[in-house]
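Trainee: Got a file for you: final_12.pdb, PDB, C-alpha atoms and all ligand atoms.
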ATOM      1  CA  MET A   1     118.468  31.535  20.866
ATOM      2  CA  ASP A   2     118.458  27.978  19.599
ATOM      3  CA  ILE A   3     116.251  26.004  17.275
ATOM      4  CA  ASN A   4     113.941  24.884  20.092
ATOM      5  CA  THR A   5     113.043  28.409  21.156
ATOM      6  CA  TYR A   6     112.897  29.936  17.654
ATOM      7  CA  LYS A   7     109.388  30.803  16.382
ATOM      8  CA  ALA A   8     109.244  30.265  12.624
ATOM      9  CA  LYS A   9     107.990  33.144  10.428
ATOM     10  CA  GLY A  10     107.539  31.047   7.307
ATOM     11  CA  ARG A  11     109.913  33.144   5.216
ATOM     12  CA  ILE A  12     113.572  34.017   4.727
ATOM     13  CA  GLU A  13     115.047  37.092   3.075
ATOM     14  CA  HIS A  14     117.047  35.212   0.460
ATOM     15  CA  LYS A  15     116.547  34.525  -3.206
ATOM     16  CA  HIS A  16     119.356  31.982  -3.531
ATOM     17  CA  LEU A  17     121.147  29.259  -1.600
ATOM     18  CA  LEU A  18     124.744  29.551  -2.781
ATOM     19  CA  ASN A  19     126.996  28.651   0.135
ATOM     20  CA  LEU A  20     125.401  29.368   3.574
ATOM     21  CA  LEU A  21     127.954  32.142   4.281
ATOM     22  CA  ASP A  22     125.202  34.752   4.172
ATOM     23  CA  TYR A  23     122.610  32.613   6.016
ATOM     24  CA  SER A  24     121.975  33.423   9.673
ATOM     25  CA  ALA A  25     121.135  30.912  12.397
ATOM     26  CA  THR A  26     117.477  31.956  12.126
ATOM     27  CA  ASP A  27     117.457  31.373   8.341
ATOM     28  CA  ILE A  28     118.725  27.858   9.031
ATOM     29  CA  TYR A  29     116.124  27.325  11.781
ATOM     30  CA  GLU A  30     113.380  28.436   9.341
ATOM     31  CA  ILE A  31     114.533  25.811   6.860
ATOM     32  CA  LEU A  32     114.858  23.056   9.454
ATOM     33  CA  GLN A  33     111.507  23.728  11.112
ATOM     34  CA  LEU A  34     109.718  23.723   7.758
ATOM     35  CA  ALA A  35     111.668  20.609   6.770
ATOM     36  CA  SER A  36     110.506  18.892   9.985
ATOM     37  CA  SER A  37     106.876  19.696   9.289
ATOM     38  CA  LEU A  38     107.176  18.590   5.640
ATOM     39  CA  LYS A  39     108.813  15.373   6.872
ATOM     40  CA  CYS A  40     105.906  14.769   9.227
ATOM     41  CA  ALA A  41     103.408  15.381   6.400
ATOM     42  CA  PHE A  42     105.389  13.069   4.086
ATOM     43  CA  ARG A  43     105.292  10.298   6.692
ATOM     44  CA  LYS A  44     101.519  10.725   7.052
ATOM     45  CA  GLY A  45     101.032  10.819   3.273
ATOM     46  CA  LYS A  46      99.662  14.408   3.399
ATOM     47  CA  LYS A  47     100.042  16.553   0.247
ATOM     48  CA  HIS A  48     101.372  20.120   0.240
ATOM     49  CA  GLU A  49     101.180  21.599  -3.244
ATOM     50  CA  ARG A  50     103.043  24.708  -2.163
ATOM     51  CA  LEU A  51     104.937  24.981  -5.452
ATOM     52  CA  LYS A  52     102.072  24.169  -7.804
ATOM     53  CA  ASN A  53     103.126  24.694 -11.428
ATOM     54  CA  LYS A  54     106.609  25.941 -10.485
ATOM     55  CA  THR A  55     109.508  24.665 -12.575
ATOM     56  CA  LEU A  56     112.940  23.677 -11.290
ATOM     57  CA  ALA A  57     115.704  23.145 -13.845
ATOM     58  CA  MET A  58     118.475  20.858 -12.627
ATOM     59  CA  ILE A  59     121.900  21.273 -14.227
ATOM     60  CA  PHE A  60     124.390  18.502 -13.509
ATOM     61  CA  THR A  61     127.968  18.554 -14.749
ATOM     62  CA  LYS A  62     128.910  15.902 -12.130
ATOM     63  CA  SER A  63     127.211  12.581 -11.262
ATOM     64  CA  SER A  64     124.493  12.230  -8.640
ATOM     65  CA  THR A  65     122.032   9.789  -7.127
ATOM     66  CA  ARG A  66     120.642  11.502  -4.002
ATOM     67  CA  THR A  67     120.675  15.105  -5.206
ATOM     68  CA  ARG A  68     118.998  14.347  -8.499
ATOM     69  CA  VAL A  69     116.317  12.046  -7.119
ATOM     70  CA  SER A  70     115.541  14.083  -4.000
ATOM     71  CA  PHE A  71     115.178  17.363  -5.920
ATOM     72  CA  GLU A  72     113.132  15.782  -8.692
ATOM     73  CA  THR A  73     110.732  13.906  -6.404
ATOM     74  CA  GLY A  74     110.739  16.837  -3.965
ATOM     75  CA  ILE A  75     109.449  19.382  -6.478
ATOM     76  CA  GLN A  76     106.898  16.874  -7.784
ATOM     77  CA  GLN A  77     105.600  16.283  -4.261
ATOM     78  CA  LEU A  78     105.144  20.055  -3.947
ATOM     79  CA  GLY A  79     103.066  20.210  -7.131
ATOM     80  CA  GLY A  80     105.813  21.456  -9.424
ATOM     81  CA  ARG A  81     107.974  19.897 -12.116
ATOM     82  CA  ALA A  82     111.662  19.314 -12.752
ATOM     83  CA  LEU A  83     113.754  19.517 -15.918
ATOM     84  CA  PHE A  84     116.903  17.419 -15.867
ATOM     85  CA  LEU A  85     119.674  19.129 -17.851
ATOM     86  CA  SER A  86     122.810  17.070 -18.120
ATOM     87  CA  GLY A  87     125.897  19.220 -18.645
ATOM     88  CA  ASN A  88     126.883  16.960 -21.539
ATOM     89  CA  ASP A  89     123.590  17.400 -23.352
ATOM     90  CA  ILE A  90     123.024  21.141 -23.047
ATOM     91  CA  GLN A  91     125.107  23.721 -24.902
ATOM     92  CA  LEU A  92     126.956  24.627 -21.689
ATOM     93  CA  GLY A  93     128.981  21.482 -22.313
ATOM     94  CA  ARG A  94     130.012  22.880 -25.716
ATOM     95  CA  GLY A  95     131.143  26.243 -24.422
ATOM     96  CA  GLU A  96     127.994  28.374 -24.106
ATOM     97  CA  THR A  97     128.615  30.698 -21.181
ATOM     98  CA  ILE A  98     126.907  30.455 -17.799
ATOM     99  CA  ALA A  99     125.696  34.040 -18.227
ATOM    100  CA  ASP A 100     124.013  33.278 -21.583
ATOM    101  CA  THR A 101     122.533  30.043 -20.209
ATOM    102  CA  ALA A 102     121.103  32.037 -17.274
ATOM    103  CA  ARG A 103     119.612  34.707 -19.550
ATOM    104  CA  VAL A 104     118.029  32.085 -21.808
ATOM    105  CA  LEU A 105     116.516  30.019 -18.965
ATOM    106  CA  SER A 106     115.082  33.254 -17.505
ATOM    107  CA  ARG A 107     113.043  33.760 -20.710
ATOM    108  CA  TYR A 108     111.192  30.461 -20.206
ATOM    109  CA  GLY A 109     109.698  31.309 -16.827
ATOM    110  CA  ILE A 110     111.894  28.928 -14.875
ATOM    111  CA  ASP A 111     111.393  29.513 -11.123
ATOM    112  CA  GLY A 112     114.525  27.837  -9.795
ATOM    113  CA  VAL A 113     117.760  26.279 -10.991
ATOM    114  CA  MET A 114     119.601  23.665  -8.981
ATOM    115  CA  ILE A 115     123.166  23.343 -10.228
ATOM    116  CA  ARG A 116     125.841  20.771  -9.419
ATOM    117  CA  THR A 117     129.166  21.686 -10.916
ATOM    118  CA  PHE A 118     132.877  22.286 -10.314
ATOM    119  CA  LYS A 119     133.453  26.006  -9.847
ATOM    120  CA  GLN A 120     131.629  27.926  -7.119
ATOM    121  CA  SER A 121     131.997  31.037  -9.290
ATOM    122  CA  ASP A 122     129.749  29.400 -11.933
ATOM    123  CA  VAL A 123     126.943  29.030  -9.385
ATOM    124  CA  GLU A 124     127.371  32.667  -8.406
ATOM    125  CA  GLU A 125     127.390  33.774 -12.035
ATOM    126  CA  LEU A 126     124.177  31.879 -12.704
ATOM    127  CA  ALA A 127     122.566  33.765  -9.807
ATOM    128  CA  LYS A 128     123.921  37.070 -11.123
ATOM    129  CA  TYR A 129     122.508  36.714 -14.633
ATOM    130  CA  GLY A 130     119.322  34.690 -14.035
ATOM    131  CA  SER A 131     115.926  35.916 -12.861
ATOM    132  CA  PHE A 132     115.299  32.662 -10.952
ATOM    133  CA  SER A 133     116.399  31.289  -7.559
ATOM    134  CA  VAL A 134     119.681  29.379  -7.677
ATOM    135  CA  ILE A 135     120.355  26.424  -5.379
ATOM    136  CA  ASN A 136     123.866  25.018  -5.048
ATOM    137  CA  GLY A 137     123.636  21.245  -5.437
ATOM    138  CA  LEU A 138     127.414  20.832  -4.812
ATOM    139  CA  THR A 139     130.550  22.515  -6.063
ATOM    140  CA  ASP A 140     134.217  21.843  -5.397
ATOM    141  CA  ASP A 141     133.924  24.211  -2.429
ATOM    142  CA  PHE A 142     130.501  23.703  -0.848
ATOM    143  CA  HIS A 143     127.573  21.316  -0.425
ATOM    144  CA  PRO A 144     125.005  23.397   1.489
ATOM    145  CA  CYS A 145     121.972  21.161   0.821
ATOM    146  CA  GLN A 146     123.766  18.175   2.326
ATOM    147  CA  ALA A 147     124.788  20.211   5.378
ATOM    148  CA  LEU A 148     121.172  21.320   5.933
ATOM    149  CA  ALA A 149     119.935  17.720   5.675
ATOM    150  CA  ASP A 150     122.683  16.728   8.117
ATOM    151  CA  LEU A 151     121.605  19.359  10.630
ATOM    152  CA  LEU A 152     118.046  18.036  10.357
ATOM    153  CA  THR A 153     119.435  14.565  11.095
ATOM    154  CA  VAL A 154     121.376  15.852  14.122
ATOM    155  CA  TYR A 155     118.297  17.719  15.361
ATOM    156  CA  ASP A 156     116.075  14.653  14.944
ATOM    157  CA  THR A 157     118.649  12.495  16.737
ATOM    158  CA  PHE A 158     119.571  14.717  19.694
ATOM    159  CA  GLY A 159     116.575  17.100  19.899
ATOM    160  CA  LYS A 160     118.968  20.072  19.680
ATOM    161  CA  LEU A 161     121.887  21.522  17.728
ATOM    162  CA  ASN A 162     123.381  23.828  20.319
ATOM    163  CA  GLY A 163     126.382  22.214  22.024
ATOM    164  CA  VAL A 164     126.374  19.033  19.898
ATOM    165  CA  LYS A 165     129.966  18.036  19.087
ATOM    166  CA  LEU A 166     130.415  17.018  15.450
ATOM    167  CA  ALA A 167     133.800  15.633  14.447
ATOM    168  CA  TYR A 168     134.545  15.368  10.730
ATOM    169  CA  PHE A 169     137.474  13.175   9.668
ATOM    170  CA  GLY A 170     139.357  13.228   6.391
ATOM    171  CA  ASP A 171     139.767  15.506   3.425
ATOM    172  CA  GLY A 172     139.083  19.198   4.123
ATOM    173  CA  ASN A 173     136.675  19.316   1.187
ATOM    174  CA  ASN A 174     133.292  20.769   0.192
ATOM    175  CA  MET A 175     131.536  18.751   2.924
ATOM    176  CA  ALA A 176     133.960  19.908   5.604
ATOM    177  CA  HIS A 177     133.406  23.526   4.512
ATOM    178  CA  SER A 178     129.610  23.382   4.553
ATOM    179  CA  LEU A 179     129.484  21.470   7.853
ATOM    180  CA  MET A 180     131.777  24.066   9.459
ATOM    181  CA  LEU A 181     129.564  26.932   8.339
ATOM    182  CA  ALA A 182     126.212  25.313   9.141
ATOM    183  CA  GLY A 183     127.422  23.898  12.468
ATOM    184  CA  ALA A 184     129.145  27.088  13.627
ATOM    185  CA  LYS A 185     126.098  29.202  12.876
ATOM    186  CA  THR A 186     123.778  26.953  14.862
ATOM    187  CA  GLY A 187     125.891  26.619  18.010
ATOM    188  CA  MET A 188     127.390  23.199  17.334
ATOM    189  CA  LYS A 189     130.982  22.403  18.275
ATOM    190  CA  VAL A 190     132.629  21.470  14.981
ATOM    191  CA  TYR A 191     135.983  19.697  14.767
ATOM    192  CA  ILE A 192     137.602  19.165  11.382
ATOM    193  CA  CYS A 193     140.264  16.497  11.720
ATOM    194  CA  SER A 194     142.520  16.339   8.658
ATOM    195  CA  PRO A 195     146.141  15.440   8.026
ATOM    196  CA  LYS A 196     148.623  18.211   7.267
ATOM    197  CA  GLY A 197     148.239  19.317   3.666
ATOM    198  CA  PHE A 198     144.569  18.294   3.442
ATOM    199  CA  GLU A 199     143.017  20.801   5.838
ATOM    200  CA  PRO A 200     139.973  22.851   4.792
ATOM    201  CA  ASN A 201     140.486  26.136   2.942
ATOM    202  CA  PRO A 202     141.900  28.579   5.543
ATOM    203  CA  ASP A 203     139.671  31.455   4.369
ATOM    204  CA  ILE A 204     136.522  29.381   4.813
ATOM    205  CA  THR A 205     137.791  28.128   8.187
ATOM    206  CA  ALA A 206     138.445  31.715   9.314
ATOM    207  CA  ALA A 207     134.948  32.750   8.156
ATOM    208  CA  ALA A 208     133.344  29.831  10.014
ATOM    209  CA  GLN A 209     135.354  30.572  13.170
ATOM    210  CA  LYS A 210     133.895  34.087  13.204
ATOM    211  CA  PHE A 211     130.408  32.565  13.416
ATOM    212  CA  GLY A 212     131.056  29.953  16.099
ATOM    213  CA  ASP A 213     133.005  27.103  17.596
ATOM    214  CA  VAL A 214     135.221  25.509  14.929
ATOM    215  CA  THR A 215     138.501  23.682  15.578
ATOM    216  CA  VAL A 216     140.820  22.317  12.913
ATOM    217  CA  THR A 217     143.129  19.621  14.238
ATOM    218  CA  ASP A 218     145.214  16.688  13.028
ATOM    219  CA  SER A 219     144.615  14.764  16.260
ATOM    220  CA  VAL A 220     142.028  11.992  15.895
ATOM    221  CA  GLU A 221     141.858  11.645  19.711
ATOM    222  CA  GLU A 222     141.112  15.338  20.218
ATOM    223  CA  ALA A 223     138.344  15.330  17.598
ATOM    224  CA  ALA A 224     136.752  12.001  18.523
ATOM    225  CA  SER A 225     136.883  12.395  22.291
ATOM    226  CA  ALA A 226     133.300  12.730  23.646
ATOM    227  CA  ALA A 227     132.001  13.490  20.127
ATOM    228  CA  ASP A 228     128.257  13.137  19.499
ATOM    229  CA  VAL A 229     128.664  12.793  15.740
ATOM    230  CA  LEU A 230     131.471  11.152  13.780
ATOM    231  CA  TYR A 231     131.326  12.223  10.144
ATOM    232  CA  THR A 232     133.451  11.346   7.152
ATOM    233  CA  ASP A 233     133.487  11.654   3.362
ATOM    234  CA  VAL A 234     135.384  10.123   0.463
ATOM    235  CA  PHE A 235     139.153  10.568   0.087
ATOM    236  CA  PHE A 236     138.727  11.686  -3.530
ATOM    237  CA  SER A 237     135.888  14.000  -4.457
ATOM    238  CA  MET A 238     134.355  14.116  -7.917
ATOM    239  CA  GLY A 239     136.810  15.641 -10.360
ATOM    240  CA  GLN A 240     139.889  14.611  -8.322
ATOM    241  CA  ASP A 241     142.312  11.953  -9.558
ATOM    242  CA  LYS A 242     143.292   9.095  -7.237
ATOM    243  CA  ASP A 243     146.623   9.890  -5.600
ATOM    244  CA  PRO A 244     148.405   7.223  -3.516
ATOM    245  CA  LYS A 245     150.120   9.905  -1.377
ATOM    246  CA  LYS A 246     146.798  11.434  -0.436
ATOM    247  CA  GLU A 247     145.326   8.000   0.255
ATOM    248  CA  SER A 248     148.141   7.101   2.670
ATOM    249  CA  ALA A 249     147.865  10.491   4.391
ATOM    250  CA  LEU A 250     144.102  10.005   4.899
ATOM    251  CA  MET A 251     144.102   6.327   5.955
ATOM    252  CA  PRO A 252     144.955   7.132   9.630
ATOM    253  CA  TYR A 253     141.814   9.331   9.653
ATOM    254  CA  GLN A 254     139.532   6.420   8.761
ATOM    255  CA  VAL A 255     136.460   6.138  10.988
ATOM    256  CA  ASN A 256     136.686   2.641  12.482
ATOM    257  CA  LYS A 257     135.743   0.870  15.737
ATOM    258  CA  ARG A 258     138.745   2.377  17.530
ATOM    259  CA  VAL A 259     137.552   5.902  16.693
ATOM    260  CA  LEU A 260     133.925   5.044  17.517
ATOM    261  CA  GLU A 261     135.041   3.874  20.964
ATOM    262  CA  MET A 262     136.665   7.261  21.655
ATOM    263  CA  ALA A 263     133.348   9.046  21.042
ATOM    264  CA  ASP A 264     130.378   9.430  23.370
ATOM    265  CA  LYS A 265     128.496   6.166  23.984
ATOM    266  CA  SER A 266     125.411   7.518  22.216
ATOM    267  CA  ALA A 267     127.369   8.938  19.260
ATOM    268  CA  VAL A 268     126.090   8.476  15.718
ATOM    269  CA  PHE A 269     128.039   7.883  12.520
ATOM    270  CA  MET A 270     127.265  10.104   9.529
ATOM    271  CA  HIS A 271     128.376  10.139   5.884
ATOM    272  CA  CYS A 272     126.938  12.175   3.017
ATOM    273  CA  LEU A 273     127.300   9.129   0.701
ATOM    274  CA  PRO A 274     128.333   7.650  -1.644
ATOM    275  CA  ALA A 275     130.761   5.803   0.660
ATOM    276  CA  HIS A 276     133.876   3.821  -0.130
ATOM    277  CA  ARG A 277     133.745   1.059   2.463
ATOM    278  CA  GLY A 278     137.180   0.069   3.722
ATOM    279  CA  GLU A 279     138.636   3.474   2.830
ATOM    280  CA  GLU A 280     137.264   6.414   4.830
ATOM    281  CA  VAL A 281     135.034   4.149   6.958
ATOM    282  CA  THR A 282     135.029   0.481   7.901
ATOM    283  CA  GLU A 283     132.093  -1.769   7.117
ATOM    284  CA  ASP A 284     131.419  -2.514  10.798
ATOM    285  CA  VAL A 285     130.960   1.208  11.555
ATOM    286  CA  ILE A 286     128.900   2.210   8.508
ATOM    287  CA  ASP A 287     126.595  -0.790   8.992
ATOM    288  CA  SER A 288     126.402  -0.477  12.785
ATOM    289  CA  THR A 289     123.272   0.471  14.709
ATOM    290  CA  GLN A 290     124.957   3.843  15.388
ATOM    291  CA  SER A 291     124.974   4.692  11.671
ATOM    292  CA  VAL A 292     122.285   7.172  10.507
ATOM    293  CA  ILE A 293     123.404   7.409   6.876
ATOM    294  CA  PHE A 294     120.040   6.560   5.323
ATOM    295  CA  GLU A 295     118.235   9.026   7.606
ATOM    296  CA  GLN A 296     120.646  11.635   6.211
ATOM    297  CA  ALA A 297     119.869  10.552   2.667
ATOM    298  CA  GLU A 298     116.112  10.788   3.327
ATOM    299  CA  ASN A 299     116.521  14.181   4.957
ATOM    300  CA  ARG A 300     117.894  15.568   1.690
ATOM    301  CA  LEU A 301     114.317  15.344   0.424
ATOM    302  CA  HIS A 302     112.754  17.199   3.361
ATOM    303  CA  ALA A 303     115.457  19.850   3.730
ATOM    304  CA  GLN A 304     115.448  20.660   0.016
ATOM    305  CA  LYS A 305     111.644  20.793  -0.152
ATOM    306  CA  ALA A 306     111.839  23.403   2.616
ATOM    307  CA  VAL A 307     114.558  25.326   0.749
ATOM    308  CA  MET A 308     112.525  25.292  -2.477
ATOM    309  CA  CYS A 309     109.356  26.470  -0.677
ATOM    310  CA  LEU A 310     111.172  29.325   1.047
ATOM    311  CA  LEU A 311     113.090  30.465  -2.035
ATOM    312  CA  MET A 312     110.752  29.683  -4.915
ATOM    313  CA  GLY A 313     107.381  30.010  -3.185
ATOM    314  CA  LYS A 314     107.568  33.807  -3.011
ATOM    315  CA  LYS A 315     106.849  34.840  -6.586
TER     316      LYS A 315
HETATM  317  N1  LIG B   1     125.363  13.157  -1.001
HETATM  318  C1  LIG B   1     125.136  13.456  -2.279
HETATM  319  O1  LIG B   1     125.128  14.619  -2.686
HETATM  320  O2  LIG B   1     124.889  12.380  -3.064
HETATM  321  P1  LIG B   1     124.825  12.338  -4.662
HETATM  322  O3  LIG B   1     126.222  12.620  -5.152
HETATM  323  O4  LIG B   1     124.363  10.959  -4.980
HETATM  324  O5  LIG B   1     123.866  13.384  -5.132
HETATM  325  N1  LIG B   2     133.064  15.365  -1.399
HETATM  326  C1  LIG B   2     132.223  14.567  -2.252
HETATM  327  C2  LIG B   2     130.783  14.697  -1.851
HETATM  328  C3  LIG B   2     129.838  13.861  -2.657
HETATM  329  C4  LIG B   2     128.423  14.023  -2.256
HETATM  330  C5  LIG B   2     132.411  15.008  -3.693
HETATM  331  O1  LIG B   2     132.467  16.214  -3.954
HETATM  332  O2  LIG B   2     132.527  14.140  -4.566
END
Output the file's structure as structure tokens, nothing else.
Ligand code: CP
Ligand code: NVA
Mentor:
Amino acid sequence: MDINTYKAKGRIEHKHLLNLLDYSATDIYEILQLASSLKCAFRKGKKHERLKNKTLAMIFTKSSTRTRVSFETGIQQLGGRALFLSGNDIQLGRGETIADTARVLSRYGIDGVMIRTFKQSDVEELAKYGSFSVINGLTDDFHPCQALADLLTVYDTFGKLNGVKLAYFGDGNNMAHSLMLAGAKTGMKVYICSPKGFEPNPDITAAAQKFGDVTVTDSVEEAASAADVLYTDVFFSMGQDKDPKKESALMPYQVNKRVLEMADKSAVFMHCLPAHRGEEVTEDVIDSTQSVIFEQAENRLHAQKAVMCLLMGKK
């Protein structure tokens, strides 16, 4: 089965979105099909107050532009409201535990909590102790919302997911992990092209390889050859210090015109953003007509609205 033949049921059997490991292909199709219809409605200016009076708390212990704005406007467009909780301003930043924070927020009738933070275990702990739905808005290990928005972008671009070759270049980070999982589950051919020492986590790679077609390589030619999507991300993720050794190891994995020419003629360039032009990608590629970076950024809104409806719309 692929996304084109899947008939949406309008529900998924999940309370949380923590990492996509426990999401099936059909769960992902449910999200993407709802996201497509919400995108259509958004374009036509149609309102869908599917989360009327629901409250989403948003905890950020790392910076954000897209995640914050797309979740906040997304819940408002669905008739709900958002509470922005900066990690520095709430007591979590002064040592209150995740478990106590979860138990307190549960007492106020919060319906969902989106959290962006460092440790994946903190997101899981929040889900364990809270009564609300938890959505992972990025950790050191995963960025599932971005991967879902990216799949929507691939689907909109190629009309399918099955068989699409996505080649990711650079640091084997949270983005690489979530793209491997989301791509493998939906029949994409995923190549992660990283220098030795900066490959994705081997346990996550092994998990993704059980679900589908995932190759980890250090050969730019092998990854880029006939690729439909060239994807990259920053050399240094939030929370990582600049390291000249890492920078020189990653420079040969930069997505530039030479790499673009190895890919399929109709290939697109993708980046989760924010980008560091001249580092992981050259200006001519990121600003080329093949670049779909702002479509990806917009799709955060639609994909996350779908996630919120499916997770928080149940109660
Ligand atoms: N791509 C992404 O998550 O962007 P922000 O860091 O701006 O939220
Ligand atoms: N890998 C990047 C993604 C930013 C959206 C980071 O974690 O900083």
Trainee: Which of these residues is nearest to ligand LIG 2 (chain B), using all atoms listed in the file: A:Tyr168, A:Phe132, A:Tyr253, A:Phe118?
Mentor: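 Of A:Tyr168, A:Phe132, A:Tyr253, A:Phe118, the one nearest ligand LIG 2 (chain B), counting all atoms listed in the file, is A:Phe118.
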Trainee: Given the choices A:Lys189, A:Arg68, A:His14, A:Lys196, which gets closest to Gln209 (chain A) if the distance is worked out from all atoms listed in the file?
Mentor: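 The shortest atom-to-atom distance to Gln209 (chain A) comes from A:Lys189.
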Trainee: Give me, as a Markdown table, each residue of chain A that comes within 7 Å of ligand LIG 2 (chain B), together with its shortest interatomic pair and the distance in Å at one decimal, counting all atoms listed in the file, with rows ordered by chain and rising residue number.
Mentor:
| residue | atom | partner | partner_atom | distance |
| --- | --- | --- | --- | --- |
| A:Leu138 | CA | B:LIG2 | O1 | 6.9 |
| A:Thr139 | CA | B:LIG2 | O1 | 6.9 |
| A:Asp140 | CA | B:LIG2 | O1 | 6.1 |
| A:Asn173 | CA | B:LIG2 | N1 | 5.9 |
| A:Asn174 | CA | B:LIG2 | N1 | 5.6 |
| A:Met175 | CA | B:LIG2 | N1 | 5.7 |
| A:Asp233 | CA | B:LIG2 | N1 | 6.1 |
| A:Val234 | CA | B:LIG2 | N1 | 6.0 |
| A:Phe236 | CA | B:LIG2 | O2 | 6.7 |
| A:Ser237 | CA | B:LIG2 | O2 | 3.4 |
| A:Met238 | CA | B:LIG2 | O2 | 3.8 |
| A:Cys272 | CA | B:LIG2 | C4 | 5.8 |
| A:Leu273 | CA | B:LIG2 | C4 | 5.8 |
| A:Pro274 | CA | B:LIG2 | C4 | 6.4 |
Trainee: Do you know which residues are within 10 Å of ligand LIG 1 (chain B) using all atoms listed in the file? Can you write them as number ranges by chain?
Mentor: A: 60, 62-71, 116, 137-138, 143-147, 149, 175, 233, 237-238, 271-275, 293, 296-297, 300
Trainee: Output C-alpha atoms of each residue in that selection to a file, as a PDB file, in the frame of the given file.
Mentor:
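Full text of part-v8.pdb as output:
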ATOM      1  CA  PHE A  60     124.390  18.502 -13.509  1.00  0.00           C
ATOM      2  CA  LYS A  62     128.910  15.902 -12.130  1.00  0.00           C
ATOM      3  CA  SER A  63     127.211  12.581 -11.262  1.00  0.00           C
ATOM      4  CA  SER A  64     124.493  12.230  -8.640  1.00  0.00           C
ATOM      5  CA  THR A  65     122.032   9.789  -7.127  1.00  0.00           C
ATOM      6  CA  ARG A  66     120.642  11.502  -4.002  1.00  0.00           C
ATOM      7  CA  THR A  67     120.675  15.105  -5.206  1.00  0.00           C
ATOM      8  CA  ARG A  68     118.998  14.347  -8.499  1.00  0.00           C
ATOM      9  CA  VAL A  69     116.317  12.046  -7.119  1.00  0.00           C
ATOM     10  CA  SER A  70     115.541  14.083  -4.000  1.00  0.00           C
ATOM     11  CA  PHE A  71     115.178  17.363  -5.920  1.00  0.00           C
ATOM     12  CA  ARG A 116     125.841  20.771  -9.419  1.00  0.00           C
ATOM     13  CA  GLY A 137     123.636  21.245  -5.437  1.00  0.00           C
ATOM     14  CA  LEU A 138     127.414  20.832  -4.812  1.00  0.00           C
ATOM     15  CA  HIS A 143     127.573  21.316  -0.425  1.00  0.00           C
ATOM     16  CA  PRO A 144     125.005  23.397   1.489  1.00  0.00           C
ATOM     17  CA  CYS A 145     121.972  21.161   0.821  1.00  0.00           C
ATOM     18  CA  GLN A 146     123.766  18.175   2.326  1.00  0.00           C
ATOM     19  CA  ALA A 147     124.788  20.211   5.378  1.00  0.00           C
ATOM     20  CA  ALA A 149     119.935  17.720   5.675  1.00  0.00           C
ATOM     21  CA  MET A 175     131.536  18.751   2.924  1.00  0.00           C
ATOM     22  CA  ASP A 233     133.487  11.654   3.362  1.00  0.00           C
ATOM     23  CA  SER A 237     135.888  14.000  -4.457  1.00  0.00           C
ATOM     24  CA  MET A 238     134.355  14.116  -7.917  1.00  0.00           C
ATOM     25  CA  HIS A 271     128.376  10.139   5.884  1.00  0.00           C
ATOM     26  CA  CYS A 272     126.938  12.175   3.017  1.00  0.00           C
ATOM     27  CA  LEU A 273     127.300   9.129   0.701  1.00  0.00           C
ATOM     28  CA  PRO A 274     128.333   7.650  -1.644  1.00  0.00           C
ATOM     29  CA  ALA A 275     130.761   5.803   0.660  1.00  0.00           C
ATOM     30  CA  ILE A 293     123.404   7.409   6.876  1.00  0.00           C
ATOM     31  CA  GLN A 296     120.646  11.635   6.211  1.00  0.00           C
ATOM     32  CA  ALA A 297     119.869  10.552   2.667  1.00  0.00           C
ATOM     33  CA  ARG A 300     117.894  15.568   1.690  1.00  0.00           C
TER      34      ARG A 300
END
Trainee: Could you write out as JSON the box around region 5-15 of chain A (axis-aligned, all atoms listed in the file, 5 Å on each side), with centre and edge lengths in Å to one decimal?
Mentor:
{"center_x": 112.3, "center_y": 32.8, "center_z": 9.0, "size_x": 19.5, "size_y": 18.7, "size_z": 34.4}
Trainee: Translate the PyMOL selection byres (((chain A and resi 245-250) around 8) and not hetatm), as applied to the file shown, into an explicit residue set as a PyMOL selection string.
Mentor: chain A and resi 170-171+194-195+235+242-244+251-254+280
Trainee: Neighbours of His302 (chain A) within 8 Å (only C-alpha atoms; same-chain residues fewer than 3 positions away dropped), as a list in words?
Mentor: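 These residues fall inside the cut-off: Ala35, Ser36, Leu38, Lys39, Gly74, Ala149, Glu298, Asn299, Lys305 and Ala306 of chain A.
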Trainee: What is the CA of Leu18 (chain A) to CA of Tyr6 (chain A) distance in Å?
Mentor: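 For CA of Leu18 (chain A) relative to CA of Tyr6 (chain A), the distance reads 23.6 Å.
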Trainee: Could you list, as a ChimeraX atom specification, every residue within 12 Å of region 92-97 of chain A, counting all atoms listed in the file and ignoring same-chain residues fewer than 2 positions away?
Mentor: /A:59-62,85-90,99-104,117,122,125-126,129
Trainee: The PyMOL selection byres (((chain A and resi 48) around 12) and not hetatm) - which residues does that actually catch in the file I just gave you? List them as a compact mmCIF listing (two decimals) with C-alpha atoms, in the coordinates of the input.
Mentor:
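Saved result, out.txt, follows:
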# COMPACT_ATOMS: atom_id res chain seq x y z
CA LEU A 34 109.72 23.72 7.76
CA SER A 37 106.88 19.70 9.29
CA LEU A 38 107.18 18.59 5.64
CA LYS A 39 108.81 15.37 6.87
CA CYS A 40 105.91 14.77 9.23
CA ALA A 41 103.41 15.38 6.40
CA PHE A 42 105.39 13.07 4.09
CA LYS A 44 101.52 10.72 7.05
CA GLY A 45 101.03 10.82 3.27
CA LYS A 46 99.66 14.41 3.40
CA LYS A 47 100.04 16.55 0.25
CA GLU A 49 101.18 21.60 -3.24
CA ARG A 50 103.04 24.71 -2.16
CA LEU A 51 104.94 24.98 -5.45
CA LYS A 52 102.07 24.17 -7.80
CA GLY A 74 110.74 16.84 -3.96
CA ILE A 75 109.45 19.38 -6.48
CA GLN A 76 106.90 16.87 -7.78
CA GLN A 77 105.60 16.28 -4.26
CA LEU A 78 105.14 20.06 -3.95
CA GLY A 79 103.07 20.21 -7.13
CA GLY A 80 105.81 21.46 -9.42
CA LYS A 305 111.64 20.79 -0.15
CA ALA A 306 111.84 23.40 2.62
CA CYS A 309 109.36 26.47 -0.68
